[in-house]
$ cat input_36.txt   # compact mmCIF, C-alpha atoms
# COMPACT_ATOMS: atom_id res chain seq x y z
CA MET A 13 -54.81 -21.74 -47.33
CA LEU A 14 -52.59 -24.18 -49.18
CA LYS A 15 -50.41 -21.30 -50.25
CA THR A 16 -50.03 -20.17 -46.62
CA LEU A 17 -49.13 -23.68 -45.48
CA LYS A 18 -46.61 -23.98 -48.29
CA GLY A 19 -45.11 -20.66 -47.24
CA ILE A 20 -44.85 -21.85 -43.64
CA LEU A 21 -43.16 -25.07 -44.68
CA LYS A 22 -40.78 -23.21 -46.95
CA THR A 23 -39.80 -20.67 -44.28
CA GLY A 24 -39.12 -23.35 -41.69
CA ASP A 25 -38.65 -22.85 -37.95
CA ALA A 26 -36.85 -19.69 -36.89
CA THR A 27 -36.81 -20.49 -33.17
CA VAL A 28 -33.55 -21.76 -31.68
CA ARG A 29 -33.66 -25.03 -29.74
CA TYR A 30 -31.99 -23.52 -26.69
CA PRO A 31 -32.26 -24.44 -23.75
CA PHE A 32 -32.96 -28.00 -24.95
CA ALA A 33 -29.93 -27.98 -27.25
CA PRO A 34 -26.65 -26.02 -27.04
CA ILE A 35 -26.82 -22.60 -28.64
CA GLU A 36 -24.66 -21.60 -31.57
CA GLN A 37 -22.29 -18.81 -30.57
CA ALA A 38 -19.90 -16.49 -32.38
CA PRO A 39 -16.21 -17.48 -31.93
CA ASP A 40 -15.14 -14.40 -29.94
CA VAL A 41 -18.26 -13.96 -27.85
CA ARG A 42 -17.71 -12.13 -24.56
CA GLY A 43 -18.76 -14.56 -21.88
CA LYS A 44 -17.61 -15.32 -18.36
CA PRO A 45 -14.03 -14.17 -17.64
CA GLU A 46 -12.09 -17.38 -17.01
CA HIS A 47 -9.31 -17.00 -14.45
CA ASP A 48 -6.26 -19.23 -14.84
CA ALA A 49 -5.27 -19.31 -11.16
CA PRO A 50 -1.91 -21.17 -11.48
CA ASN A 51 -0.66 -18.68 -14.09
CA CYS A 52 -1.89 -15.54 -12.32
CA ILE A 53 0.82 -13.48 -10.62
CA ALA A 54 -1.60 -11.36 -8.52
CA CYS A 55 -0.20 -8.11 -9.92
CA ALA A 56 -3.65 -6.40 -9.67
CA ALA A 57 -3.47 -4.96 -13.21
CA CYS A 58 -6.99 -6.32 -13.84
CA ALA A 59 -8.30 -4.85 -10.58
CA VAL A 60 -6.95 -1.43 -11.57
CA ALA A 61 -8.34 -1.67 -15.10
CA CYS A 62 -11.79 -3.04 -14.19
CA PRO A 63 -14.27 -0.17 -14.83
CA PRO A 64 -17.05 -1.36 -12.46
CA ASN A 65 -14.63 -2.73 -9.79
CA ALA A 66 -15.93 -6.24 -10.36
CA ILE A 67 -12.38 -7.48 -9.83
CA GLN A 68 -10.89 -6.45 -6.51
CA MET A 69 -7.75 -7.27 -4.57
CA LYS A 70 -7.82 -7.38 -0.78
CA VAL A 71 -4.57 -7.44 1.16
CA ASP A 72 -4.46 -9.16 4.54
CA VAL A 73 -1.21 -8.10 6.20
CA HIS A 74 -1.77 -10.30 9.25
CA ALA A 75 -2.10 -13.50 7.25
CA GLY A 76 0.37 -12.31 4.60
CA THR A 77 -2.03 -12.95 1.74
CA VAL A 78 -3.68 -11.07 -1.07
CA THR A 79 -7.10 -12.22 -2.29
CA TRP A 80 -8.25 -11.73 -5.84
CA THR A 81 -12.04 -11.65 -6.14
CA ILE A 82 -14.34 -11.31 -9.10
CA ASN A 83 -18.03 -10.56 -8.87
CA TYR A 84 -19.79 -11.75 -12.03
CA GLY A 85 -22.88 -9.84 -10.94
CA ARG A 86 -21.00 -6.60 -11.39
CA CYS A 87 -18.92 -7.55 -14.44
CA ILE A 88 -19.83 -5.69 -17.63
CA PHE A 89 -17.87 -8.12 -19.86
CA CYS A 90 -15.76 -5.36 -21.40
CA GLY A 91 -12.58 -7.45 -21.59
CA ARG A 92 -10.30 -4.79 -20.11
CA CYS A 93 -8.91 -7.38 -17.68
CA GLU A 94 -7.95 -9.62 -20.59
CA GLU A 95 -6.35 -6.66 -22.37
CA VAL A 96 -4.12 -5.62 -19.49
CA CYS A 97 -3.14 -9.03 -18.10
CA PRO A 98 0.64 -9.40 -18.59
CA VAL A 99 0.58 -13.20 -18.32
CA ASP A 100 -2.71 -13.96 -20.15
CA ALA A 101 -4.17 -15.44 -16.97
CA ILE A 102 -7.67 -14.10 -17.58
CA ARG A 103 -9.65 -14.50 -20.76
CA LEU A 104 -13.30 -13.96 -21.61
CA GLY A 105 -14.65 -17.42 -22.40
CA SER A 106 -17.87 -18.48 -24.05
CA GLU A 107 -19.66 -19.55 -20.85
CA PHE A 108 -22.80 -17.45 -20.46
CA GLU A 109 -25.04 -19.45 -18.12
CA LEU A 110 -24.30 -17.35 -15.07
CA ALA A 111 -27.74 -16.89 -13.52
CA VAL A 112 -27.86 -17.86 -9.83
CA MET A 113 -30.39 -18.22 -7.05
CA SER A 114 -28.13 -16.85 -4.30
CA LYS A 115 -25.90 -13.83 -4.63
CA ALA A 116 -22.94 -15.48 -2.90
CA ASP A 117 -22.54 -17.81 -5.86
CA LEU A 118 -21.68 -14.89 -8.13
CA GLN A 119 -18.33 -14.34 -6.45
CA ASP A 120 -15.15 -16.30 -7.15
CA SER A 121 -11.88 -15.75 -5.34
CA CYS A 122 -8.28 -16.86 -5.27
CA THR A 123 -5.77 -16.26 -2.46
CA TYR A 124 -2.05 -15.68 -3.04
CA ARG A 125 0.82 -15.33 -0.60
CA LEU A 126 2.79 -12.12 -0.14
CA GLN A 127 6.56 -11.69 -0.16
CA ARG A 128 8.45 -10.07 2.70
CA CYS A 129 11.12 -7.47 2.01
CA SER A 130 14.56 -8.94 2.70
CA ASP A 131 15.61 -5.77 4.53
CA CYS A 132 12.74 -4.46 6.60
CA GLY A 133 10.53 -7.57 6.67
CA GLU A 134 7.36 -5.83 5.49
CA TYR A 135 5.10 -7.43 2.90
CA PHE A 136 5.43 -5.57 -0.39
CA ALA A 137 4.23 -7.69 -3.35
CA SER A 138 2.85 -11.12 -4.11
CA ARG A 139 5.42 -13.91 -4.05
CA LYS A 140 4.56 -15.10 -7.54
CA GLU A 141 4.90 -11.61 -9.01
CA VAL A 142 8.40 -11.21 -7.58
CA GLU A 143 9.38 -14.62 -8.91
CA TYR A 144 7.97 -13.82 -12.34
CA VAL A 145 9.76 -10.47 -12.55
CA ALA A 146 13.03 -12.16 -11.52
CA ALA A 147 12.56 -14.77 -14.27
CA VAL A 148 11.84 -12.09 -16.90
CA LEU A 149 14.83 -9.99 -15.85
CA ASP A 150 17.06 -13.07 -16.00
CA ARG A 151 15.89 -13.70 -19.55
CA ILE A 152 16.61 -10.14 -20.64
CA GLY A 153 20.06 -10.14 -19.03
CA GLY A 154 22.26 -7.07 -18.75
CA ASN A 155 22.13 -4.57 -15.89
CA GLY A 156 18.54 -5.24 -14.89
CA ALA A 157 19.05 -8.95 -14.24
CA SER A 158 17.65 -10.21 -10.99
CA GLY A 159 20.25 -9.81 -8.35
CA ASP A 160 20.60 -7.57 -5.39
CA SER A 161 17.35 -5.61 -5.10
CA ILE A 162 14.58 -7.80 -6.52
CA ASP A 163 13.38 -8.92 -3.08
CA ARG A 164 13.42 -5.47 -1.51
CA CYS A 165 10.43 -3.20 -1.06
CA LEU A 166 10.33 0.21 -2.77
CA LEU A 167 11.44 2.15 0.32
CA CYS A 168 14.38 -0.16 0.99
CA LYS A 169 15.36 0.03 -2.70
CA GLN A 170 15.39 3.83 -2.54
CA LYS A 171 17.37 3.75 0.70
CA ASN A 172 19.83 1.31 -0.83
CA ASP A 173 20.27 3.46 -3.93
CA ALA A 174 20.80 6.59 -1.83
CA LEU A 175 23.47 4.84 0.24
CA ALA A 176 25.22 3.55 -2.88
CA CYS A 177 25.15 7.07 -4.35
CA LYS A 178 26.62 8.48 -1.14
CA ASP A 179 29.43 5.91 -1.21
CA ARG A 180 30.21 6.77 -4.81
CA ILE A 181 30.45 10.50 -4.05
CA ARG A 182 32.74 9.81 -1.14
CA GLU A 183 34.97 7.59 -3.30
CA ARG A 184 35.14 10.27 -5.99
CA ARG A 185 36.14 12.92 -3.47
CA GLN A 186 38.86 10.73 -2.05
CA ALA A 187 40.25 9.95 -5.50
CA MET B 24 -9.51 -2.05 -1.41
CA ILE B 25 -11.32 0.75 -3.22
CA GLU B 26 -14.58 0.56 -1.31
CA GLN B 27 -13.02 0.76 2.12
CA GLY B 28 -12.63 4.51 1.78
CA ILE B 29 -16.33 5.31 1.35
CA PRO B 30 -17.81 6.47 4.67
CA THR B 31 -20.86 4.28 5.15
CA GLN B 32 -22.66 6.74 7.42
CA LEU B 33 -22.97 9.17 4.51
CA GLN B 34 -24.90 6.61 2.49
CA ALA B 35 -28.38 5.87 3.73
CA GLN B 36 -28.70 2.18 4.55
CA LEU B 37 -31.99 0.59 3.57
CA GLU B 38 -33.81 -2.08 5.51
CA PRO B 39 -34.79 -4.68 2.90
CA LYS B 40 -38.30 -6.04 3.09
CA LYS B 41 -38.74 -9.39 4.84
CA LEU B 42 -41.15 -12.08 3.75
CA SER B 43 -43.49 -13.74 6.22
CA GLU B 44 -43.20 -17.51 6.68
CA ASP B 45 -46.33 -18.61 4.86
CA ILE B 46 -45.48 -16.47 1.85
CA GLU B 47 -42.00 -18.00 1.91
CA ARG B 48 -43.56 -21.48 1.88
CA ALA B 49 -45.98 -20.62 -0.91
CA LYS B 50 -43.11 -19.22 -2.93
CA ALA B 51 -41.03 -22.37 -2.49
CA THR B 52 -43.95 -24.38 -3.85
CA LEU B 53 -44.36 -21.96 -6.73
CA LEU B 54 -40.68 -22.20 -7.61
CA LYS B 55 -40.72 -25.99 -7.43
CA SER B 56 -43.82 -26.94 -9.32
CA ILE B 57 -45.39 -24.23 -11.34
CA LYS B 58 -47.99 -25.88 -13.55
CA ARG B 59 -49.13 -22.97 -15.65
CA SER B 60 -47.90 -20.03 -17.69
CA VAL B 61 -46.08 -17.29 -15.82
CA TYR B 62 -46.71 -13.65 -16.42
CA VAL B 63 -43.81 -11.27 -16.27
CA TYR B 64 -43.91 -7.61 -15.42
CA ARG B 65 -40.84 -5.56 -16.20
CA VAL B 66 -39.79 -2.65 -13.97
CA ASP B 67 -37.10 -0.30 -15.24
CA CYS B 68 -35.38 1.23 -12.21
CA GLY B 69 -33.02 3.56 -14.02
CA GLY B 70 -31.41 1.28 -16.55
CA CYS B 71 -29.88 2.33 -19.85
CA ASN B 72 -32.57 0.39 -21.80
CA ALA B 73 -30.11 -2.21 -23.12
CA CYS B 74 -31.68 -4.72 -20.72
CA GLU B 75 -35.15 -3.85 -22.04
CA ILE B 76 -33.98 -4.35 -25.61
CA GLU B 77 -32.61 -7.78 -24.69
CA ILE B 78 -35.85 -8.72 -22.90
CA PHE B 79 -37.77 -7.80 -26.02
CA SER B 80 -35.40 -9.71 -28.24
CA SER B 81 -35.96 -12.77 -26.08
CA ILE B 82 -39.71 -12.61 -26.74
CA THR B 83 -39.14 -12.45 -30.51
CA PRO B 84 -39.74 -15.63 -32.57
CA VAL B 85 -36.01 -16.50 -32.53
CA PHE B 86 -35.80 -17.07 -28.77
CA ASP B 87 -39.52 -17.17 -28.12
CA VAL B 88 -39.88 -17.47 -24.36
CA GLU B 89 -43.60 -17.96 -24.91
CA ARG B 90 -42.65 -21.60 -25.56
CA PHE B 91 -42.40 -21.86 -21.78
CA GLY B 92 -45.58 -19.87 -21.22
CA ILE B 93 -43.68 -16.73 -20.27
CA LYS B 94 -45.67 -13.67 -21.24
CA VAL B 95 -44.92 -10.02 -20.65
CA VAL B 96 -47.91 -8.22 -19.14
CA PRO B 97 -48.52 -4.47 -18.82
CA THR B 98 -49.49 -4.41 -15.13
CA PRO B 99 -47.94 -5.81 -11.95
CA ARG B 100 -51.39 -6.94 -10.76
CA HIS B 101 -51.31 -9.79 -13.30
CA ALA B 102 -47.68 -10.71 -12.72
CA ASP B 103 -46.07 -13.80 -11.20
CA ILE B 104 -42.54 -12.67 -11.94
CA LEU B 105 -41.25 -9.13 -11.52
CA VAL B 106 -38.13 -8.34 -13.53
CA TYR B 107 -36.16 -5.40 -12.16
CA THR B 108 -33.58 -3.82 -14.43
CA GLY B 109 -31.34 -0.88 -13.66
CA ALA B 110 -29.36 0.15 -10.60
CA VAL B 111 -32.42 1.45 -8.65
CA THR B 112 -32.03 5.21 -8.64
CA ARG B 113 -33.27 7.20 -5.66
CA ALA B 114 -36.28 8.46 -7.61
CA MET B 115 -37.26 4.96 -8.74
CA ARG B 116 -37.29 3.41 -5.27
CA LEU B 117 -40.91 4.24 -4.51
CA PRO B 118 -42.28 3.20 -7.93
CA ALA B 119 -40.32 -0.05 -7.56
CA MET B 120 -41.89 -0.60 -4.13
CA ARG B 121 -45.34 0.17 -5.55
CA ALA B 122 -44.91 -2.40 -8.30
CA TYR B 123 -43.72 -4.90 -5.69
CA GLU B 124 -46.73 -4.27 -3.43
CA ALA B 125 -49.14 -4.38 -6.37
CA ALA B 126 -48.08 -7.84 -7.50
CA PRO B 127 -49.98 -10.65 -5.77
CA ASP B 128 -48.13 -13.08 -3.49
CA PRO B 129 -46.36 -15.41 -4.04
CA LYS B 130 -44.21 -13.64 -6.60
CA ILE B 131 -40.75 -14.29 -7.97
CA ILE B 132 -38.36 -11.36 -8.10
CA VAL B 133 -35.68 -11.39 -10.80
CA SER B 134 -32.70 -9.04 -10.74
CA TYR B 135 -31.82 -8.50 -14.35
CA GLY B 136 -28.46 -7.28 -15.64
CA ALA B 137 -25.30 -6.19 -13.87
CA CYS B 138 -27.01 -3.06 -12.52
CA GLY B 139 -29.96 -4.98 -11.12
CA CYS B 140 -27.70 -7.59 -9.48
CA THR B 141 -25.18 -5.35 -7.74
CA GLY B 142 -25.47 -1.86 -9.16
CA GLY B 143 -23.00 -2.73 -11.91
CA ILE B 144 -20.81 0.11 -13.09
CA PHE B 145 -22.96 2.56 -11.12
CA HIS B 146 -22.55 0.66 -7.82
CA ASP B 147 -20.81 3.53 -5.99
CA ASN B 148 -22.78 6.37 -7.55
CA TYR B 149 -24.35 8.76 -5.04
CA CYS B 150 -27.84 8.62 -6.53
CA VAL B 151 -28.41 4.87 -6.79
CA TRP B 152 -29.23 2.22 -4.20
CA GLY B 153 -27.09 -0.29 -6.08
CA GLY B 154 -29.15 -3.37 -6.81
CA THR B 155 -32.67 -4.65 -6.38
CA ASP B 156 -31.78 -6.75 -3.33
CA LYS B 157 -31.35 -3.56 -1.29
CA LEU B 158 -35.14 -3.14 -1.48
CA PHE B 159 -36.61 -6.63 -1.28
CA PRO B 160 -35.60 -10.32 -1.35
CA VAL B 161 -34.50 -11.43 -4.82
CA ASP B 162 -34.91 -15.00 -6.06
CA VAL B 163 -32.93 -15.09 -9.29
CA TYR B 164 -29.98 -12.98 -10.36
CA ILE B 165 -29.28 -12.79 -14.10
CA PRO B 166 -25.91 -11.06 -14.61
CA GLY B 167 -24.71 -9.64 -17.92
CA CYS B 168 -24.35 -6.19 -19.39
CA PRO B 169 -26.88 -6.64 -20.89
CA PRO B 170 -27.72 -10.35 -20.55
CA THR B 171 -28.07 -11.89 -24.01
CA PRO B 172 -31.43 -13.48 -24.92
CA ALA B 173 -29.83 -16.89 -24.30
CA GLN B 174 -28.80 -15.77 -20.81
CA THR B 175 -32.33 -14.50 -20.24
CA VAL B 176 -33.86 -17.77 -21.38
CA TYR B 177 -31.45 -19.65 -19.13
CA GLY B 178 -32.27 -17.42 -16.15
CA PHE B 179 -36.01 -17.86 -16.57
CA ALA B 180 -35.66 -21.60 -17.20
CA MET B 181 -33.68 -21.79 -13.94
CA ALA B 182 -36.28 -19.72 -12.08
CA LEU B 183 -38.97 -22.13 -13.23
CA GLY B 184 -36.91 -25.15 -12.22
CA MET B 185 -36.29 -26.47 -15.75
CA LEU B 186 -32.49 -26.15 -15.59
CA ASP B 187 -29.93 -26.37 -12.82
CA GLN B 188 -27.65 -23.62 -11.62
CA LYS B 189 -24.20 -23.90 -13.21
CA GLN B 190 -22.30 -21.08 -11.55
CA HIS B 191 -21.09 -21.81 -8.02
CA ALA B 192 -18.65 -19.84 -5.92
CA VAL B 193 -15.07 -21.13 -6.26
CA ASN B 194 -12.53 -20.13 -3.62
CA GLU B 195 -9.01 -21.21 -4.50
CA THR B 196 -5.69 -20.78 -2.74
CA GLU B 197 -2.21 -20.69 -4.16
CA ALA B 198 -0.55 -24.12 -4.17
CA GLU B 199 2.82 -24.65 -2.52
CA GLY B 200 5.70 -23.73 -4.85
CA GLU B 201 3.36 -22.61 -7.63
CA ARG B 202 5.05 -20.56 -10.37
CA ALA B 203 3.62 -18.57 -13.22
CA SER B 204 5.02 -19.99 -16.45
CA LEU B 205 6.99 -17.83 -18.85
CA LYS B 206 5.48 -18.24 -22.29
CA PHE B 207 7.66 -18.99 -25.32
CA GLU B 208 10.89 -19.40 -23.37
CA ARG B 209 13.04 -19.90 -26.47
CA ILE B 210 12.12 -16.56 -28.04
CA PRO B 211 14.06 -13.48 -26.86
CA TYR B 212 11.81 -11.56 -24.49
CA ARG B 213 12.24 -8.16 -26.17
CA LEU B 214 11.46 -9.57 -29.60
CA ARG B 215 8.35 -11.22 -28.17
CA VAL B 216 7.18 -7.92 -26.68
CA GLU B 217 7.82 -6.10 -29.95
CA LEU B 218 5.90 -8.66 -32.00
CA GLU B 219 3.00 -8.64 -29.57
CA ARG B 220 2.78 -4.85 -29.55
CA GLU B 221 2.74 -4.76 -33.35
CA ALA B 222 0.05 -7.46 -33.53
CA ARG B 223 -2.10 -5.65 -30.95
CA ARG B 224 -1.62 -2.35 -32.78
CA LEU B 225 -2.80 -3.95 -36.01
CA SER B 226 -5.83 -5.85 -34.82
CA GLY B 227 -6.51 -5.38 -31.14
CA TYR B 228 -5.73 -7.34 -28.00
CA ARG B 229 -8.00 -10.26 -28.73
CA GLN B 230 -7.47 -11.21 -32.38
CA GLY B 231 -4.02 -9.59 -32.47
CA GLY B 232 -2.97 -11.45 -29.34
CA ASP B 233 -4.27 -14.75 -30.70
CA MET B 234 -2.46 -14.26 -34.02
CA CYS B 235 0.74 -13.29 -32.24
CA ASP B 236 0.46 -16.41 -30.06
CA ALA B 237 0.09 -18.57 -33.18
CA PHE B 238 3.09 -16.83 -34.76
CA LEU B 239 5.25 -17.24 -31.66
CA ALA B 240 4.17 -20.86 -31.24
CA ALA B 241 5.32 -21.53 -34.82
CA LEU B 242 8.68 -19.92 -34.04
CA ASP B 243 8.97 -21.71 -30.71
CA ASN B 244 8.21 -25.14 -32.17
CA SER B 245 10.57 -24.87 -35.10
CA GLU B 246 13.61 -27.09 -34.78
CA THR B 247 15.87 -25.84 -37.56
CA ASP B 248 14.31 -23.35 -39.95
CA ALA B 249 12.09 -20.82 -38.17
CA MET B 250 11.25 -18.85 -41.31
CA LYS B 251 10.01 -22.02 -43.02
CA GLU B 252 7.60 -22.65 -40.14
CA VAL B 253 6.36 -19.07 -40.41
CA ALA B 254 5.90 -19.45 -44.18
CA SER B 255 3.85 -22.63 -43.68
CA LEU B 256 1.72 -20.84 -41.05
CA LEU B 257 1.10 -18.06 -43.56
CA ALA B 258 0.25 -20.53 -46.33
CA ALA B 259 -2.30 -22.28 -44.10
CA GLN B 260 -4.15 -19.00 -43.42
CA LYS B 261 -7.32 -18.44 -45.48
CA ASP B 262 -8.47 -15.11 -44.05
CA PRO B 263 -6.74 -12.26 -45.99
CA ARG B 264 -6.81 -10.00 -42.89
CA LYS B 265 -4.90 -12.58 -40.88
CA VAL B 266 -2.45 -13.04 -43.74
CA GLU B 267 -1.86 -9.28 -43.73
CA VAL B 268 -1.13 -9.14 -39.98
CA LEU B 269 1.06 -12.25 -40.03
CA THR B 270 3.01 -10.86 -43.01
CA GLU B 271 3.63 -7.65 -41.05
CA LEU B 272 4.88 -9.73 -38.13
CA LYS B 273 7.13 -11.71 -40.47
CA ASN B 274 8.55 -8.50 -41.91
CA LEU B 275 9.22 -7.19 -38.42
CA LEU B 276 10.95 -10.43 -37.50
CA GLU B 277 13.09 -10.29 -40.66
CA SER B 278 14.09 -6.71 -39.92
CA ARG B 279 15.35 -7.80 -36.50
CA ILE B 280 17.55 -10.65 -37.78
CA VAL B 281 21.21 -9.78 -37.46
CA GLY B 282 23.94 -11.54 -39.40
CA GLY B 283 22.82 -14.16 -41.77
$ encode --input "input_36.txt" --output "structure tokens"
Amino acid sequence: MLKTLKGILKTGDATVRYPFAPIEQAPDVRGKPEHDAPNCIACAACAVACPPNAIQMKVDVHAGTVTWTINYGRCIFCGRCEEVCPVDAIRLGSEFELAVMSKADLQDSCTYRLQRCSDCGEYFASRKEVEYVAAVLDRIGGNGASGDSIDRCLLCKQKNDALACKDRIRERRQA
Amino acid sequence: MIEQGIPTQLQAQLEPKKLSEDIERAKATLLKSIKRSVYVYRVDCGGCNACEIEIFSSITPVFDVERFGIKVVPTPRHADILVYTGAVTRAMRLPAMRAYEAAPDPKIIVSYGACGCTGGIFHDNYCVWGGTDKLFPVDVYIPGCPPTPAQTVYGFAMALGMLDQKQHAVNETEAEGERASLKFERIPYRLRVELEREARRLSGYRQGGDMCDAFLAALDNSETDAMKEVASLLAAQKDPRKVEVLTELKNLLESRIVGG
């Protein structure tokens, strides 16, 4: 009996104090994906990469907005969004207390504005993405620097290139 | 965007069960002031068993949910809480309903895991219903793939009214004139990309990215001698694996220096 009690005292208490005290977690634990909304450029790389489609982008052409949504109830915490994000705007944090009483609370969203094409006036990308690409191109310098075609949509860019090519051929023939 | 293309008329739409008013009232009382132990019955509706493993690890001595009187029972007839795991396959719908009908009212229904909450990665599969709430009203959703024992303990503690809900829906909108910041503006963009690729190749996007950020921050903060800053960063590192990766990055940086 005494031996058993001694053994118990020596072994101590294996049970963690959680939920009455914070739980000890590993440094790179995969918890809730934290979205840094001001730094996000709404490029939809995370939505494309997300295996269970927990992250989705919905375009509203009437309002000129694109809405980024994440459903934590569908997230499998794989970290693909963090891996593909070009601006490090999403990162799996250590928050794990995600249980909810109503399903609507599992969904977070963020709305961004779209950019119109300077030629045809159609929405083609999020405003912040275009600005970010322009800034990056300016930093790199050289031929790709932001200039004539950064605010054009893909179709107008192709049309523009074709026209430029046509002009060049004509000039060469005349020369 | 992706789900718009699925024709809804091809998927059978279920009518979820409705609770009568007096059961609803009894349940509210049960949720608010339960004065005794709760018995849990676990229903696997086509899960991958990871959720079951986590449920069993939360009844081990380390997490010990029996502290709160939570006990796993082998029959729904004894249960107060029904825990549904898995995305509810077509074949498991009727057994799930039988377990639901067999449990005495008022009962608390818990959707456990990403599959139980919304169908998870199987949400658009042809042979699943995609979530427990398609069948009957759910009281607590515990997301996670699988939920860790701590998440499980938190979910049950919340169901029993011991803890408050932390997660609430946040709907933000872009502020006027908001710009995404370019990181490490003083470092040439191409060099930054090259260093980051090398770091990710060596130790993955998480640790590699973090190490590369530390390396670039050291370069970015240096006023006069960048290599000295890098050397002091290397000297401060204790982990030999990190030293290895940072040395590789330093070598890459040195190989890109032109002139002298």
$ atom_distance --input "input_36.txt" --atom1 "CA of Ile76 (chain B)" --atom2 "CA of Gln230 (chain B)"
28.2 Å
$ interface_residues --input "input_36.txt" --of "chain B" --to "chain A" --cutoff "7 Å" --atoms "all atoms listed in the file" --output "ChimeraX atom specification"
/B:24,84-87,137,140-144,162-168,174,177-178,188-197,201-204,212,228
$ residues_near_point --input "input_36.txt" --point "(10.7, -9.7, 2.9)" --cutoff "12 Å" --atoms "all atoms listed in the file" --output "list of chain:residue names"
A:Gly76, A:Arg125, A:Leu126, A:Gln127, A:Arg128, A:Cys129, A:Ser130, A:Asp131, A:Cys132, A:Gly133, A:Glu134, A:Tyr135, A:Phe136, A:Ala137, A:Ser138, A:Arg139, A:Val142, A:Ser161, A:Ile162, A:Asp163, A:Arg164, A:Cys165, A:Leu166, A:Cys168
$ atom_distance --input "input_36.txt" --atom1 "CA of Gly105 (chain A)" --atom2 "CA of Pro39 (chain A)"
9.7 Å
$ residues_around --input "input_36.txt" --residues "region 116-129 of chain B" --least-positions-apart "4" --cutoff "8 Å" --atoms "all atoms listed in the file" --output "list in words"
Ile46, Glu47, Ala49, Lys50, Leu53, Val66, Cys68, Pro99, Arg100, His101, Ala102, Asp103, Leu105, Val111, Thr112 and Leu158 of chain B
